[in-house]
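To start, the structure under review is shown below, and the notes come after it.
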Amino acid sequence: MDGLRPYRSFVSYIDRSREYYAAQGYSKPYAWAHHDDVPFTPLQKPLSGCRVGLVTTAGRTPAEGLIGAGGLKRGPYAEPANPPPKSLFTDDLFWDKKATHTDDVDSFLPVNRLAEQANGGCIGSASPRFYGVPTDYSQSRTSQGAAPKILEWCREDGLDAVLFSAL
Amino acid sequence: MSLVARHLEANGVSTVVMGSARDIVEECGVARFVFTDFPLGNPCGKPWDQEMQRSIIGSALNLLDRAWMPRTTIQTPFHWENDTWRDAFMRVDDGNREALARAGEERRRRQAEVKTGR
């Protein structure tokens with residue numbers, strides 16, 4: 001709605017989470033990643049010739065009995081995109097469980113929507129696999145563990161571009 | 001997630017991040033970002049709304065093709081049904097302050113037990 005506001009409209013999750021965890025007695029706030037420089041690779045060929053992949057922060061659905069038993073594996077993973085997953089595990093992630101739900105995978109991992117783009121010729125093809133990087137609060141594990149692994153899988157699958165979706 | 005996208009960009013793979021936590025993604029700094037101002041959980045469109053989902057992935061692919069410099073953010077035109085989620089999410093007020101403090105203490109107690117193997 002148009003109007004005048006003495007505050008920014010979008011939620012600052014950095015501010016909100018800091019205050020929330022401070023109220024729980026965590027006096028040292030989480031230090032979020034900040035970079036002045038940003039790497040950039042222009043698309044190297046027409047979109048209609050590109051193979052495109054997807055990366056999600058959701059996890060694979062764990063085997064029955066593992067939830068809450070300390071058996072959850074939260075590292076990076078690759079799974080076939082076809083048949084598309086009917087559900088993924090999001091219970092342990094930071095998202096608004098009161099306002100919405102994640103029952104429709106395409107609302108956070110557009111695996112069917114990307115396949116449509118390939119069928120319609122907008123992109124050359126969709127990756128045969130999608131990739132998962134469940135959120136890890138250790139930035140060094142993400143940068144030094146997950147990131148090179150995802151790059152390796154992207155190269156194995158011949159990807160030109162990747163769409164990331166963070167819950 | 002944004003850190004992984006940055007690693008791919010640095011190694012010759014073009015990327016787009018789709019998300020709803022604008023400050024977190026932009027502080028980290030990514031090449032291309034499609035922001036949808038929704039509660040966290042559905043950055044690619046409302047559940048079961050295929051038309052909206054098509055529009056958002058279309059915006060992401062368009063941005064992939066047309067961005068010429070890093071930190072390019074676009075915002076999709078979609079709105080949630082109401083704004084109540086904005087203040088409700090992770091809210092701290094007099095009504096839950098004591099409960100949050102107790103929850104934090106309980107969590108630390110459990111973590112300490114795990115550490116000491118009790």
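Letters A, B, ... go to the chains of the structure tokens in the order shown; residues in each chain start at 1; ligands are counted from 1 in the same order.
The residues of range 11-116 of chain B that DSSP assigns to strand (DSSP E or B) on this backbone come out as Ser14, Thr15, Val16, Val17, Met18, Gly19, Arg32, Phe33, Val34, Phe35, Thr72, Thr73, Ile74 and Gln75 of chain B.
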Restrict the selected residues to N, CA, C and O atoms and save them as a tab-separated table (two decimals), in the first residue's frame.
```
chain	number	residue	atom	x	y	z
B	14	SER	N	27.31	-18.86	-13.34
B	14	SER	CA	26.39	-17.75	-13.07
B	14	SER	C	25.29	-18.21	-12.11
B	14	SER	O	24.82	-19.35	-12.21
B	15	THR	N	24.88	-17.33	-11.22
B	15	THR	CA	23.90	-17.72	-10.19
B	15	THR	C	22.85	-16.62	-9.97
B	15	THR	O	23.10	-15.45	-10.25
B	16	VAL	N	21.72	-17.07	-9.45
B	16	VAL	CA	20.70	-16.16	-8.92
B	16	VAL	C	20.26	-16.71	-7.57
B	16	VAL	O	20.05	-17.92	-7.44
B	17	VAL	N	20.11	-15.85	-6.58
B	17	VAL	CA	19.54	-16.26	-5.29
B	17	VAL	C	18.09	-15.77	-5.25
B	17	VAL	O	17.82	-14.60	-5.55
B	18	MET	N	17.17	-16.67	-4.91
B	18	MET	CA	15.78	-16.28	-4.67
B	18	MET	C	15.53	-16.37	-3.17
B	18	MET	O	15.82	-17.40	-2.56
B	19	GLY	N	15.01	-15.30	-2.57
B	19	GLY	CA	14.85	-15.34	-1.13
B	19	GLY	C	13.95	-14.24	-0.61
B	19	GLY	O	13.52	-13.35	-1.35
B	32	ARG	N	23.28	-11.84	-8.11
B	32	ARG	CA	21.91	-11.51	-8.54
B	32	ARG	C	20.94	-12.02	-7.48
B	32	ARG	O	21.09	-13.15	-7.00
B	33	PHE	N	19.93	-11.22	-7.17
B	33	PHE	CA	19.01	-11.58	-6.09
B	33	PHE	C	17.58	-11.24	-6.49
B	33	PHE	O	17.29	-10.09	-6.87
B	34	VAL	N	16.70	-12.22	-6.40
B	34	VAL	CA	15.26	-12.00	-6.63
B	34	VAL	C	14.59	-12.01	-5.26
B	34	VAL	O	14.49	-13.07	-4.61
B	35	PHE	N	14.14	-10.85	-4.83
B	35	PHE	CA	13.56	-10.70	-3.49
B	35	PHE	C	12.03	-10.73	-3.58
B	35	PHE	O	11.44	-9.97	-4.36
B	72	THR	N	22.91	-7.06	-8.14
B	72	THR	CA	21.67	-6.63	-8.78
B	72	THR	C	20.49	-7.32	-8.09
B	72	THR	O	20.38	-8.54	-8.12
B	73	THR	N	19.66	-6.52	-7.42
B	73	THR	CA	18.47	-7.04	-6.74
B	73	THR	C	17.23	-6.60	-7.50
B	73	THR	O	17.13	-5.43	-7.88
B	74	ILE	N	16.30	-7.53	-7.73
B	74	ILE	CA	14.98	-7.11	-8.19
B	74	ILE	C	13.96	-7.61	-7.16
B	74	ILE	O	14.19	-8.61	-6.48
B	75	GLN	N	12.86	-6.89	-7.04
B	75	GLN	CA	11.79	-7.29	-6.12
B	75	GLN	C	10.57	-7.69	-6.94
B	75	GLN	O	10.14	-6.94	-7.83
```
TODO: Starting from chain B, keep only residues with some atom at most 7 Å from an atom of chain A, counting only C-alpha atoms, and report them as a PyMOL selection string.
DONE: chain B and resi 1+3-4+6-10+12-19+21+23-24+27-31+37+39-48+53-54+64-65+68-70+85-86+89-92+97+100-101+103-104
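Here CA of Thr76 in chain B is placed at a distance of 19.3 Å from CA of Val111 in chain A.
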- [ ] Give me every helix (DSSP H, G or I) residue in chain B, going by DSSP on the backbone, as a ChimeraX atom specification.
- [x] /B:2-10,22-28,50-66,84-88,97-116
Create the file for the chosen residues now, containing C-alpha atoms and written as a compact mmCIF listing (two decimals), in the first residue's frame.
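The resulting file, part-v8.txt, is shown below:
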```
# COMPACT_ATOMS: atom_id res chain seq x y z
CA SER B 2 24.79 -16.99 -0.33
CA LEU B 3 28.36 -18.09 0.44
CA VAL B 4 27.93 -21.07 -1.89
CA ALA B 5 26.51 -18.85 -4.65
CA ARG B 6 29.53 -16.56 -4.29
CA HIS B 7 31.89 -19.54 -4.61
CA LEU B 8 30.20 -20.62 -7.85
CA GLU B 9 30.37 -17.09 -9.28
CA ALA B 10 34.07 -16.92 -8.43
CA ARG B 22 16.71 -9.33 2.09
CA ASP B 23 19.13 -8.01 4.67
CA ILE B 24 20.94 -11.31 5.16
CA VAL B 25 21.48 -11.90 1.43
CA GLU B 26 22.48 -8.32 0.65
CA GLU B 27 24.88 -8.09 3.61
CA CYS B 28 26.62 -11.23 2.37
CA GLN B 50 1.72 -22.22 -10.01
CA GLU B 51 1.16 -18.98 -11.88
CA MET B 52 3.04 -16.99 -9.23
CA GLN B 53 5.79 -19.62 -9.11
CA ARG B 54 6.17 -19.36 -12.92
CA SER B 55 6.43 -15.61 -12.66
CA ILE B 56 9.14 -15.76 -9.97
CA ILE B 57 11.31 -18.32 -11.76
CA GLY B 58 10.79 -16.31 -14.95
CA SER B 59 12.13 -13.24 -13.15
CA ALA B 60 15.12 -15.24 -11.92
CA LEU B 61 15.96 -16.50 -15.42
CA ASN B 62 15.48 -13.04 -16.88
CA LEU B 63 17.86 -11.61 -14.28
CA LEU B 64 20.38 -14.36 -15.01
CA ASP B 65 20.38 -13.29 -18.63
CA ARG B 66 20.28 -9.52 -18.24
CA THR B 84 0.59 -9.57 10.62
CA TRP B 85 3.55 -11.91 10.10
CA ARG B 86 5.98 -8.98 9.97
CA ASP B 87 5.67 -8.18 13.67
CA ALA B 88 4.73 -11.64 14.85
CA ARG B 97 10.09 -12.32 27.71
CA GLU B 98 10.14 -14.61 30.74
CA ALA B 99 9.24 -17.68 28.70
CA LEU B 100 12.05 -16.94 26.24
CA ALA B 101 14.57 -16.52 29.06
CA ARG B 102 13.48 -19.87 30.54
CA ALA B 103 13.65 -21.56 27.12
CA GLY B 104 17.20 -20.28 26.66
CA GLU B 105 18.26 -21.57 30.07
CA GLU B 106 16.71 -24.96 29.35
CA ARG B 107 18.45 -25.18 26.00
CA ARG B 108 21.85 -24.37 27.51
CA ARG B 109 21.26 -26.95 30.24
CA ARG B 110 20.51 -29.65 27.64
CA GLN B 111 23.54 -28.68 25.55
CA ALA B 112 25.77 -28.85 28.63
CA GLU B 113 24.43 -32.33 29.37
CA VAL B 114 25.24 -33.48 25.84
CA LYS B 115 28.76 -32.02 26.15
CA THR B 116 29.51 -33.76 29.40
```
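Between CA of Ser138 in chain A and CA of Asp92 in chain A there is a distance of 15.6 Å.
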Open item on the list: What does the structure give for the distance between CA of Asn11 in chain B and CA of Gly120 in chain A, in Å to one decimal?
Closed with: 28.8 Å
